[in-house]
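Structure below is target_16.pdb: PDB, C-alpha atoms and all ligand atoms.
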```pdb
ATOM      1  CA  MET A  24      97.443  81.555  77.953  1.00  0.00           C
ATOM      2  CA  GLN A  25      93.860  81.812  76.722  1.00  0.00           C
ATOM      3  CA  ILE A  26      92.853  84.454  74.201  1.00  0.00           C
ATOM      4  CA  ILE A  27      89.418  85.691  73.257  1.00  0.00           C
ATOM      5  CA  THR A  28      89.405  87.782  70.104  1.00  0.00           C
ATOM      6  CA  GLY A  29      86.590  89.781  68.625  1.00  0.00           C
ATOM      7  CA  LEU A  30      85.729  91.146  65.247  1.00  0.00           C
ATOM      8  CA  PRO A  31      82.872  93.612  65.010  1.00  0.00           C
ATOM      9  CA  ILE A  32      79.485  92.531  63.820  1.00  0.00           C
ATOM     10  CA  ALA A  33      77.933  95.995  64.144  1.00  0.00           C
ATOM     11  CA  LEU A  34      79.330  99.510  63.936  1.00  0.00           C
ATOM     12  CA  GLU A  35      78.414 100.266  67.555  1.00  0.00           C
ATOM     13  CA  TRP A  36      80.522  97.364  68.720  1.00  0.00           C
ATOM     14  CA  LEU A  37      83.734  98.588  70.349  1.00  0.00           C
ATOM     15  CA  PRO A  38      86.009  95.592  70.846  1.00  0.00           C
ATOM     16  CA  GLY A  39      88.551  97.153  73.226  1.00  0.00           C
ATOM     17  CA  LEU A  40      85.769  98.469  75.431  1.00  0.00           C
ATOM     18  CA  ASP A  41      83.980  95.118  75.279  1.00  0.00           C
ATOM     19  CA  ALA A  42      87.166  93.324  76.298  1.00  0.00           C
ATOM     20  CA  LEU A  43      87.321  95.497  79.439  1.00  0.00           C
ATOM     21  CA  LEU A  44      83.624  94.945  80.102  1.00  0.00           C
ATOM     22  CA  LEU A  45      83.901  91.153  79.719  1.00  0.00           C
ATOM     23  CA  ALA A  46      86.824  91.127  82.125  1.00  0.00           C
ATOM     24  CA  LEU A  47      84.886  93.045  84.790  1.00  0.00           C
ATOM     25  CA  LYS A  48      81.742  90.957  84.334  1.00  0.00           C
ATOM     26  CA  ALA A  49      83.675  87.691  84.704  1.00  0.00           C
ATOM     27  CA  PHE A  50      84.196  88.452  88.403  1.00  0.00           C
ATOM     28  CA  ASN A  51      80.524  89.041  89.203  1.00  0.00           C
ATOM     29  CA  PHE A  52      81.377  91.826  91.637  1.00  0.00           C
ATOM     30  CA  PRO A  53      78.545  93.161  93.833  1.00  0.00           C
ATOM     31  CA  PRO A  54      76.888  96.264  92.287  1.00  0.00           C
ATOM     32  CA  ASN A  55      78.622  99.562  93.081  1.00  0.00           C
ATOM     33  CA  SER A  56      81.868  97.891  94.093  1.00  0.00           C
ATOM     34  CA  GLU A  57      84.798 100.233  93.576  1.00  0.00           C
ATOM     35  CA  VAL A  58      87.384  99.904  90.843  1.00  0.00           C
ATOM     36  CA  ILE A  59      90.531 102.028  91.019  1.00  0.00           C
ATOM     37  CA  VAL A  60      91.374 103.544  87.655  1.00  0.00           C
ATOM     38  CA  PRO A  61      93.555 106.385  86.339  1.00  0.00           C
ATOM     39  CA  SER A  62      91.789 109.691  85.716  1.00  0.00           C
ATOM     40  CA  ASN A  63      93.950 110.192  82.628  1.00  0.00           C
ATOM     41  CA  THR A  64      92.771 107.592  80.129  1.00  0.00           C
ATOM     42  CA  TYR A  65      90.558 107.106  77.116  1.00  0.00           C
ATOM     43  CA  ILE A  66      86.858 107.293  78.009  1.00  0.00           C
ATOM     44  CA  ALA A  67      86.294 103.587  77.225  1.00  0.00           C
ATOM     45  CA  THR A  68      88.170 102.531  80.379  1.00  0.00           C
ATOM     46  CA  ILE A  69      85.735 104.402  82.624  1.00  0.00           C
ATOM     47  CA  LEU A  70      82.702 103.465  80.491  1.00  0.00           C
ATOM     48  CA  ALA A  71      83.455  99.769  80.943  1.00  0.00           C
ATOM     49  CA  ILE A  72      83.395 100.180  84.740  1.00  0.00           C
ATOM     50  CA  ILE A  73      80.131 102.122  84.676  1.00  0.00           C
ATOM     51  CA  HIS A  74      78.512  99.679  82.206  1.00  0.00           C
ATOM     52  CA  ALA A  75      79.430  96.824  84.538  1.00  0.00           C
ATOM     53  CA  GLY A  76      77.447  98.548  87.323  1.00  0.00           C
ATOM     54  CA  LEU A  77      80.595  99.410  89.280  1.00  0.00           C
ATOM     55  CA  LYS A  78      82.014 102.661  90.618  1.00  0.00           C
ATOM     56  CA  PRO A  79      85.202 104.150  89.131  1.00  0.00           C
ATOM     57  CA  VAL A  80      87.531 105.656  91.729  1.00  0.00           C
ATOM     58  CA  LEU A  81      89.909 108.001  89.957  1.00  0.00           C
ATOM     59  CA  VAL A  82      93.620 108.330  90.666  1.00  0.00           C
ATOM     60  CA  GLU A  83      95.646 111.213  89.229  1.00  0.00           C
ATOM     61  CA  PRO A  84      98.533 110.594  86.812  1.00  0.00           C
ATOM     62  CA  ASP A  85     102.253 110.833  87.437  1.00  0.00           C
ATOM     63  CA  ILE A  86     103.294 114.013  85.629  1.00  0.00           C
ATOM     64  CA  ARG A  87     106.492 112.318  84.387  1.00  0.00           C
ATOM     65  CA  THR A  88     104.697 109.517  82.526  1.00  0.00           C
ATOM     66  CA  TYR A  89     100.981 110.503  82.338  1.00  0.00           C
ATOM     67  CA  ASN A  90     100.223 106.979  83.583  1.00  0.00           C
ATOM     68  CA  ILE A  91      98.595 106.350  86.983  1.00  0.00           C
ATOM     69  CA  ASP A  92     100.606 107.685  89.921  1.00  0.00           C
ATOM     70  CA  THR A  93     101.010 104.410  91.786  1.00  0.00           C
ATOM     71  CA  ARG A  94     101.959 106.241  95.022  1.00  0.00           C
ATOM     72  CA  LEU A  95      98.389 107.593  95.196  1.00  0.00           C
ATOM     73  CA  ILE A  96      96.585 104.259  94.827  1.00  0.00           C
ATOM     74  CA  GLU A  97      96.689 102.974  98.391  1.00  0.00           C
ATOM     75  CA  GLU A  98      94.910 105.994  99.905  1.00  0.00           C
ATOM     76  CA  LYS A  99      91.926 105.344  97.573  1.00  0.00           C
ATOM     77  CA  ILE A 100      91.378 101.762  98.740  1.00  0.00           C
ATOM     78  CA  THR A 101      88.276 101.184 100.886  1.00  0.00           C
ATOM     79  CA  ASN A 102      86.431  98.072 102.032  1.00  0.00           C
ATOM     80  CA  ARG A 103      84.367  98.321  98.822  1.00  0.00           C
ATOM     81  CA  THR A 104      87.414  98.203  96.500  1.00  0.00           C
ATOM     82  CA  VAL A 105      87.448  95.027  94.415  1.00  0.00           C
ATOM     83  CA  ALA A 106      89.878  95.730  91.588  1.00  0.00           C
ATOM     84  CA  ILE A 107      92.487  97.980  90.052  1.00  0.00           C
ATOM     85  CA  MET A 108      92.273  98.681  86.344  1.00  0.00           C
ATOM     86  CA  VAL A 109      95.590 100.115  85.188  1.00  0.00           C
ATOM     87  CA  VAL A 110      96.046 101.669  81.747  1.00  0.00           C
ATOM     88  CA  HIS A 111      99.364 101.614  79.898  1.00  0.00           C
ATOM     89  CA  LEU A 112      99.161 104.773  77.828  1.00  0.00           C
ATOM     90  CA  TYR A 113     101.163 105.820  74.774  1.00  0.00           C
ATOM     91  CA  GLY A 114     102.988 102.493  74.419  1.00  0.00           C
ATOM     92  CA  LYS A 115     104.506 102.816  77.895  1.00  0.00           C
ATOM     93  CA  SER A 116     103.967 100.455  80.836  1.00  0.00           C
ATOM     94  CA  CYS A 117     102.745 101.643  84.231  1.00  0.00           C
ATOM     95  CA  GLU A 118     105.008 101.098  87.236  1.00  0.00           C
ATOM     96  CA  MET A 119     103.854  97.495  87.676  1.00  0.00           C
ATOM     97  CA  GLY A 120     106.115  96.468  90.565  1.00  0.00           C
ATOM     98  CA  TYR A 121     104.215  98.651  93.005  1.00  0.00           C
ATOM     99  CA  VAL A 122     100.808  97.820  91.480  1.00  0.00           C
ATOM    100  CA  THR A 123     101.290  94.076  91.842  1.00  0.00           C
ATOM    101  CA  ARG A 124     102.409  94.529  95.462  1.00  0.00           C
ATOM    102  CA  ILE A 125      99.238  96.515  96.306  1.00  0.00           C
ATOM    103  CA  VAL A 126      97.041  93.955  94.523  1.00  0.00           C
ATOM    104  CA  LYS A 127      98.542  91.165  96.659  1.00  0.00           C
ATOM    105  CA  LYS A 128      98.453  93.166  99.890  1.00  0.00           C
ATOM    106  CA  PHE A 129      94.728  94.015  99.574  1.00  0.00           C
ATOM    107  CA  ASP A 130      93.704  90.842  97.705  1.00  0.00           C
ATOM    108  CA  LEU A 131      92.335  92.759  94.714  1.00  0.00           C
ATOM    109  CA  LYS A 132      91.738  91.740  91.112  1.00  0.00           C
ATOM    110  CA  LEU A 133      93.954  93.330  88.465  1.00  0.00           C
ATOM    111  CA  ILE A 134      92.799  94.193  84.964  1.00  0.00           C
ATOM    112  CA  GLU A 135      95.158  95.841  82.497  1.00  0.00           C
ATOM    113  CA  ASP A 136      93.903  98.118  79.771  1.00  0.00           C
ATOM    114  CA  ALA A 137      96.649  97.412  77.248  1.00  0.00           C
ATOM    115  CA  ALA A 138      94.780  98.997  74.313  1.00  0.00           C
ATOM    116  CA  GLN A 139      97.742 101.294  73.659  1.00  0.00           C
ATOM    117  CA  SER A 140     100.609  99.066  74.746  1.00  0.00           C
ATOM    118  CA  HIS A 141     100.969  96.022  72.489  1.00  0.00           C
ATOM    119  CA  GLY A 142     104.469  94.657  72.975  1.00  0.00           C
ATOM    120  CA  ALA A 143     105.402  97.117  75.748  1.00  0.00           C
ATOM    121  CA  LYS A 144     107.175  95.632  78.758  1.00  0.00           C
ATOM    122  CA  TRP A 145     107.768  96.327  82.422  1.00  0.00           C
ATOM    123  CA  ARG A 146     111.097  94.743  83.425  1.00  0.00           C
ATOM    124  CA  ASP A 147     110.996  92.152  80.588  1.00  0.00           C
ATOM    125  CA  LYS A 148     107.343  91.183  81.169  1.00  0.00           C
ATOM    126  CA  LEU A 149     104.736  92.109  78.590  1.00  0.00           C
ATOM    127  CA  THR A 150     101.937  94.475  79.521  1.00  0.00           C
ATOM    128  CA  GLY A 151      98.639  92.637  79.672  1.00  0.00           C
ATOM    129  CA  THR A 152     100.234  89.615  81.383  1.00  0.00           C
ATOM    130  CA  PHE A 153     100.522  90.926  84.949  1.00  0.00           C
ATOM    131  CA  GLY A 154      96.866  90.885  85.866  1.00  0.00           C
ATOM    132  CA  ASP A 155      93.917  88.520  85.850  1.00  0.00           C
ATOM    133  CA  PHE A 156      93.036  89.967  82.443  1.00  0.00           C
ATOM    134  CA  GLY A 157      94.774  91.990  79.738  1.00  0.00           C
ATOM    135  CA  ALA A 158      92.474  93.874  77.344  1.00  0.00           C
ATOM    136  CA  PHE A 159      93.650  94.976  73.901  1.00  0.00           C
ATOM    137  CA  SER A 160      92.231  97.124  71.126  1.00  0.00           C
ATOM    138  CA  PHE A 161      93.258  96.786  67.490  1.00  0.00           C
ATOM    139  CA  TYR A 162      91.406  99.880  66.340  1.00  0.00           C
ATOM    140  CA  PRO A 163      93.215 101.105  63.191  1.00  0.00           C
ATOM    141  CA  THR A 164      94.878 104.040  64.992  1.00  0.00           C
ATOM    142  CA  LYS A 165      96.403 101.790  67.666  1.00  0.00           C
ATOM    143  CA  ASN A 166     100.057 100.693  67.760  1.00  0.00           C
ATOM    144  CA  LEU A 167      98.846  97.432  66.221  1.00  0.00           C
ATOM    145  CA  GLY A 168      95.777  98.175  64.135  1.00  0.00           C
ATOM    146  CA  ALA A 169      93.414  95.787  62.382  1.00  0.00           C
ATOM    147  CA  LEU A 170      91.640  96.408  59.079  1.00  0.00           C
ATOM    148  CA  GLY A 171      88.616  97.710  60.945  1.00  0.00           C
ATOM    149  CA  ASP A 172      87.815  97.363  64.639  1.00  0.00           C
ATOM    150  CA  ALA A 173      89.086  94.442  66.654  1.00  0.00           C
ATOM    151  CA  GLY A 174      90.012  93.633  70.221  1.00  0.00           C
ATOM    152  CA  ALA A 175      91.272  90.828  72.425  1.00  0.00           C
ATOM    153  CA  LEU A 176      91.152  89.719  76.010  1.00  0.00           C
ATOM    154  CA  ILE A 177      93.909  87.539  77.447  1.00  0.00           C
ATOM    155  CA  MET A 178      94.003  85.578  80.686  1.00  0.00           C
ATOM    156  CA  GLN A 179      95.834  82.605  82.245  1.00  0.00           C
ATOM    157  CA  ASP A 180      93.053  81.192  84.362  1.00  0.00           C
ATOM    158  CA  GLU A 181      90.924  78.469  82.765  1.00  0.00           C
ATOM    159  CA  ASP A 182      87.922  79.259  84.966  1.00  0.00           C
ATOM    160  CA  LEU A 183      88.012  82.965  84.089  1.00  0.00           C
ATOM    161  CA  PHE A 184      88.316  81.980  80.417  1.00  0.00           C
ATOM    162  CA  LYS A 185      85.143  79.867  80.645  1.00  0.00           C
ATOM    163  CA  ARG A 186      83.229  82.629  82.371  1.00  0.00           C
TER     164      ARG A 186
HETATM  165  C1  LIG B   1      93.283 103.241  76.646  1.00  0.00           C
HETATM  166  C2  LIG B   1      92.164 102.725  75.799  1.00  0.00           C
HETATM  167  N1  LIG B   1      91.269 101.872  76.343  1.00  0.00           N
HETATM  168  C3  LIG B   1      90.258 101.364  75.625  1.00  0.00           C
HETATM  169  C4  LIG B   1      90.076 101.700  74.295  1.00  0.00           C
HETATM  170  C5  LIG B   1      88.883 101.151  73.593  1.00  0.00           C
HETATM  171  O1  LIG B   1      89.195 100.401  72.471  1.00  0.00           O
HETATM  172  P1  LIG B   1      88.094 100.242  71.282  1.00  0.00           P
HETATM  173  O2  LIG B   1      88.065 101.548  70.559  1.00  0.00           O
HETATM  174  O3  LIG B   1      88.623  99.119  70.459  1.00  0.00           O
HETATM  175  O4  LIG B   1      86.798  99.918  71.949  1.00  0.00           O
HETATM  176  C6  LIG B   1      90.993 102.560  73.684  1.00  0.00           C
HETATM  177  C7  LIG B   1      90.878 102.899  72.251  1.00  0.00           C
HETATM  178  O5  LIG B   1      90.401 103.837  71.801  1.00  0.00           O
HETATM  179  C8  LIG B   1      92.050 103.110  74.457  1.00  0.00           C
HETATM  180  O6  LIG B   1      92.924 103.974  73.936  1.00  0.00           O
END
```
What does this structure look like when you write it as structure tokens?
Amino acid sequence: MQIITGLPIALEWLPGLDALLLALKAFNFPPNSEVIVPSNTYIATILAIIHAGLKPVLVEPDIRTYNIDTRLIEEKITNRTVAIMVVHLYGKSCEMGYVTRIVKKFDLKLIEDAAQSHGAKWRDKLTGTFGDFGAFSFYPTKNLGALGDAGALIMQDEDLFKR
């Protein structure tokens, strides 16, 4: 596994957000391509998509978990959809079995916003390791906080790492 870590060099630098942005930019998606994302998340998730010149397509949460309602994802997929960006909120994994099946079925990229889920697992597999990229924040209020801002982006693929 490859890991890119970041420590801030300026106050405006937001490492968790930048990790998400780097992940999206690595794919070089055509402008305005659609990225499926939960409507219930921290603003940085959506900002990363907009900053990358892409279009967020919002999916409502499951009222039992407040994470994305995976049953509502498929109806939002169009021929412009390029990726799903799931968010594991409050230290709890999304329902990843269904997400990975949809990603395979529609040949989409998968990015995990794991800013709030260090060490959380779905069926014995760590969040952040299901997708092409896992993005982490170590902002001091996070489950694992740094002394100041920090973030990380993890991936398996050597080519994505180089990009
Ligand atoms: C779900 C989620 N995504 C992204 C971020 C952005 O992380 P950072 O503040 O390190 O840019 C946060 C943190 O606030 C978050 O909670």
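When all atoms listed in the file are used to measure the gap to Asn63 of chain A, the shortest distance among A:Val110, A:Leu43, A:Ala75, A:Ala49 belongs to A:Val110.
Comparing A:Leu133, A:Leu170, A:Ala138, A:Leu81 by their smallest distance to Glu98 of chain A, the closest is A:Leu81 (using only C-alpha atoms).
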**Q.** Expansion of the PyMOL selection byres (((chain A and resi 50) around 10) and not hetatm) into residues, as a list in words
**A.** Leu45, Ala46, Leu47, Lys48, Ala49, Asn51, Phe52, Pro53, Val105, Ala106, Lys132, Leu183 and Arg186 of chain A
Now that the selection is made, can you save its residues with C-alpha atoms as a PDB file, in the coordinates of the input?
```pdb
ATOM      1  CA  LEU A  45      83.901  91.153  79.719  1.00  0.00           C
ATOM      2  CA  ALA A  46      86.824  91.127  82.125  1.00  0.00           C
ATOM      3  CA  LEU A  47      84.886  93.045  84.790  1.00  0.00           C
ATOM      4  CA  LYS A  48      81.742  90.957  84.334  1.00  0.00           C
ATOM      5  CA  ALA A  49      83.675  87.691  84.704  1.00  0.00           C
ATOM      6  CA  ASN A  51      80.524  89.041  89.203  1.00  0.00           C
ATOM      7  CA  PHE A  52      81.377  91.826  91.637  1.00  0.00           C
ATOM      8  CA  PRO A  53      78.545  93.161  93.833  1.00  0.00           C
ATOM      9  CA  VAL A 105      87.448  95.027  94.415  1.00  0.00           C
ATOM     10  CA  ALA A 106      89.878  95.730  91.588  1.00  0.00           C
ATOM     11  CA  LYS A 132      91.738  91.740  91.112  1.00  0.00           C
ATOM     12  CA  LEU A 183      88.012  82.965  84.089  1.00  0.00           C
ATOM     13  CA  ARG A 186      83.229  82.629  82.371  1.00  0.00           C
TER      14      ARG A 186
END
```
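Using the PyMOL selection byres (((chain A and resi 72) around 10) and not hetatm) on the file at hand returns these residues: Leu40, Leu43, Leu44, Leu47, Lys48, Asn55, Ser56, Glu57, Val58, Ile59, Val60, Ala67, Thr68, Ile69, Leu70, Ala71, Ile73, His74, Ala75, Gly76, Leu77, Lys78, Pro79, Val80 and Met108 of chain A.
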For ligand LIG 1 (chain B), list the contacting residues at 9 Å or closer, counting all atoms listed in the file, as an mmCIF file with C-alpha atoms, keeping the file's coordinate frame.
```cif
data_model
loop_
_atom_site.group_PDB
_atom_site.id
_atom_site.type_symbol
_atom_site.label_atom_id
_atom_site.label_comp_id
_atom_site.auth_asym_id
_atom_site.auth_seq_id
_atom_site.Cartn_x
_atom_site.Cartn_y
_atom_site.Cartn_z
ATOM 1 C CA TRP A 36 80.522 97.364 68.720
ATOM 2 C CA LEU A 37 83.734 98.588 70.349
ATOM 3 C CA PRO A 38 86.009 95.592 70.846
ATOM 4 C CA GLY A 39 88.551 97.153 73.226
ATOM 5 C CA LEU A 40 85.769 98.469 75.431
ATOM 6 C CA ASP A 41 83.980 95.118 75.279
ATOM 7 C CA ALA A 42 87.166 93.324 76.298
ATOM 8 C CA LEU A 43 87.321 95.497 79.439
ATOM 9 C CA THR A 64 92.771 107.592 80.129
ATOM 10 C CA TYR A 65 90.558 107.106 77.116
ATOM 11 C CA ILE A 66 86.858 107.293 78.009
ATOM 12 C CA ALA A 67 86.294 103.587 77.225
ATOM 13 C CA THR A 68 88.170 102.531 80.379
ATOM 14 C CA ILE A 69 85.735 104.402 82.624
ATOM 15 C CA ALA A 71 83.455 99.769 80.943
ATOM 16 C CA VAL A 110 96.046 101.669 81.747
ATOM 17 C CA HIS A 111 99.364 101.614 79.898
ATOM 18 C CA LEU A 112 99.161 104.773 77.828
ATOM 19 C CA TYR A 113 101.163 105.820 74.774
ATOM 20 C CA ASP A 136 93.903 98.118 79.771
ATOM 21 C CA ALA A 137 96.649 97.412 77.248
ATOM 22 C CA ALA A 138 94.780 98.997 74.313
ATOM 23 C CA GLN A 139 97.742 101.294 73.659
ATOM 24 C CA SER A 140 100.609 99.066 74.746
ATOM 25 C CA ALA A 158 92.474 93.874 77.344
ATOM 26 C CA PHE A 159 93.650 94.976 73.901
ATOM 27 C CA SER A 160 92.231 97.124 71.126
ATOM 28 C CA PHE A 161 93.258 96.786 67.490
ATOM 29 C CA TYR A 162 91.406 99.880 66.340
ATOM 30 C CA PRO A 163 93.215 101.105 63.191
ATOM 31 C CA THR A 164 94.878 104.040 64.992
ATOM 32 C CA LYS A 165 96.403 101.790 67.666
ATOM 33 C CA ASP A 172 87.815 97.363 64.639
ATOM 34 C CA ALA A 173 89.086 94.442 66.654
ATOM 35 C CA GLY A 174 90.012 93.633 70.221
ATOM 36 C CA ALA A 175 91.272 90.828 72.425
#
```
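Comparing A:Ile100, A:Thr152, A:Tyr89, A:Ala143 by their smallest distance to Asp130 of chain A, the closest is A:Ile100 (using only C-alpha atoms).
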(Q) Since I can't run it myself right now, could you work out what the PyMOL selection byres (((chain A and resi 85) around 12) and not hetatm) selects here and report it as a list in words? (A) Pro61, Ser62, Asn63, Val82, Glu83, Pro84, Ile86, Arg87, Thr88, Tyr89, Asn90, Ile91, Asp92, Thr93, Arg94, Leu95, Ile96, Leu112, Cys117 and Glu118 of chain A
Those residues you just picked out, can you put them in a file as a PDB file, keeping the file's coordinate frame with C-alpha atoms?
```pdb
ATOM      1  CA  PRO A  61      93.555 106.385  86.339  1.00  0.00           C
ATOM      2  CA  SER A  62      91.789 109.691  85.716  1.00  0.00           C
ATOM      3  CA  ASN A  63      93.950 110.192  82.628  1.00  0.00           C
ATOM      4  CA  VAL A  82      93.620 108.330  90.666  1.00  0.00           C
ATOM      5  CA  GLU A  83      95.646 111.213  89.229  1.00  0.00           C
ATOM      6  CA  PRO A  84      98.533 110.594  86.812  1.00  0.00           C
ATOM      7  CA  ILE A  86     103.294 114.013  85.629  1.00  0.00           C
ATOM      8  CA  ARG A  87     106.492 112.318  84.387  1.00  0.00           C
ATOM      9  CA  THR A  88     104.697 109.517  82.526  1.00  0.00           C
ATOM     10  CA  TYR A  89     100.981 110.503  82.338  1.00  0.00           C
ATOM     11  CA  ASN A  90     100.223 106.979  83.583  1.00  0.00           C
ATOM     12  CA  ILE A  91      98.595 106.350  86.983  1.00  0.00           C
ATOM     13  CA  ASP A  92     100.606 107.685  89.921  1.00  0.00           C
ATOM     14  CA  THR A  93     101.010 104.410  91.786  1.00  0.00           C
ATOM     15  CA  ARG A  94     101.959 106.241  95.022  1.00  0.00           C
ATOM     16  CA  LEU A  95      98.389 107.593  95.196  1.00  0.00           C
ATOM     17  CA  ILE A  96      96.585 104.259  94.827  1.00  0.00           C
ATOM     18  CA  LEU A 112      99.161 104.773  77.828  1.00  0.00           C
ATOM     19  CA  CYS A 117     102.745 101.643  84.231  1.00  0.00           C
ATOM     20  CA  GLU A 118     105.008 101.098  87.236  1.00  0.00           C
TER      21      GLU A 118
END
```
**Q.** Minimum-distance residue to Lys148 of chain A, chosen among A:Asn166, A:Gln179, A:Thr101, A:Ser116 (using all atoms listed in the file)
**A.** A:Ser116
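You will find atom CA of Pro54 of chain A at 13.8 Å from atom CA of Asn102 of chain A.
Taking atom CA of Ala169 of chain A as the reference point, atom CA of Gly157 of chain A is found at 17.8 Å.
In this structure, atom CA of Val109 of chain A sits 23.2 Å away from atom CA of Lys185 of chain A.
Among the candidates A:Glu135, A:Glu181, A:Gly171, A:Leu149, the residue lying nearest to Val122 of chain A is A:Glu135 (atoms considered: only C-alpha atoms).
Ranking A:Ile134, A:Met119, A:Gly168, A:Val126 by their shortest atom-to-atom distance to Arg146 of chain A, with only C-alpha atoms included, puts A:Met119 first.
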Report, as lines of an AutoDock Vina configuration file, the centre and edge lengths in Å (one decimal) of the axis-aligned box enclosing every listed atom of segment 114-119 of chain A, padded by 3 Å on each side.
```
center_x = 103.9
center_y = 100.2
center_z = 81.0
size_x = 8.3
size_y = 11.3
size_z = 19.3
```
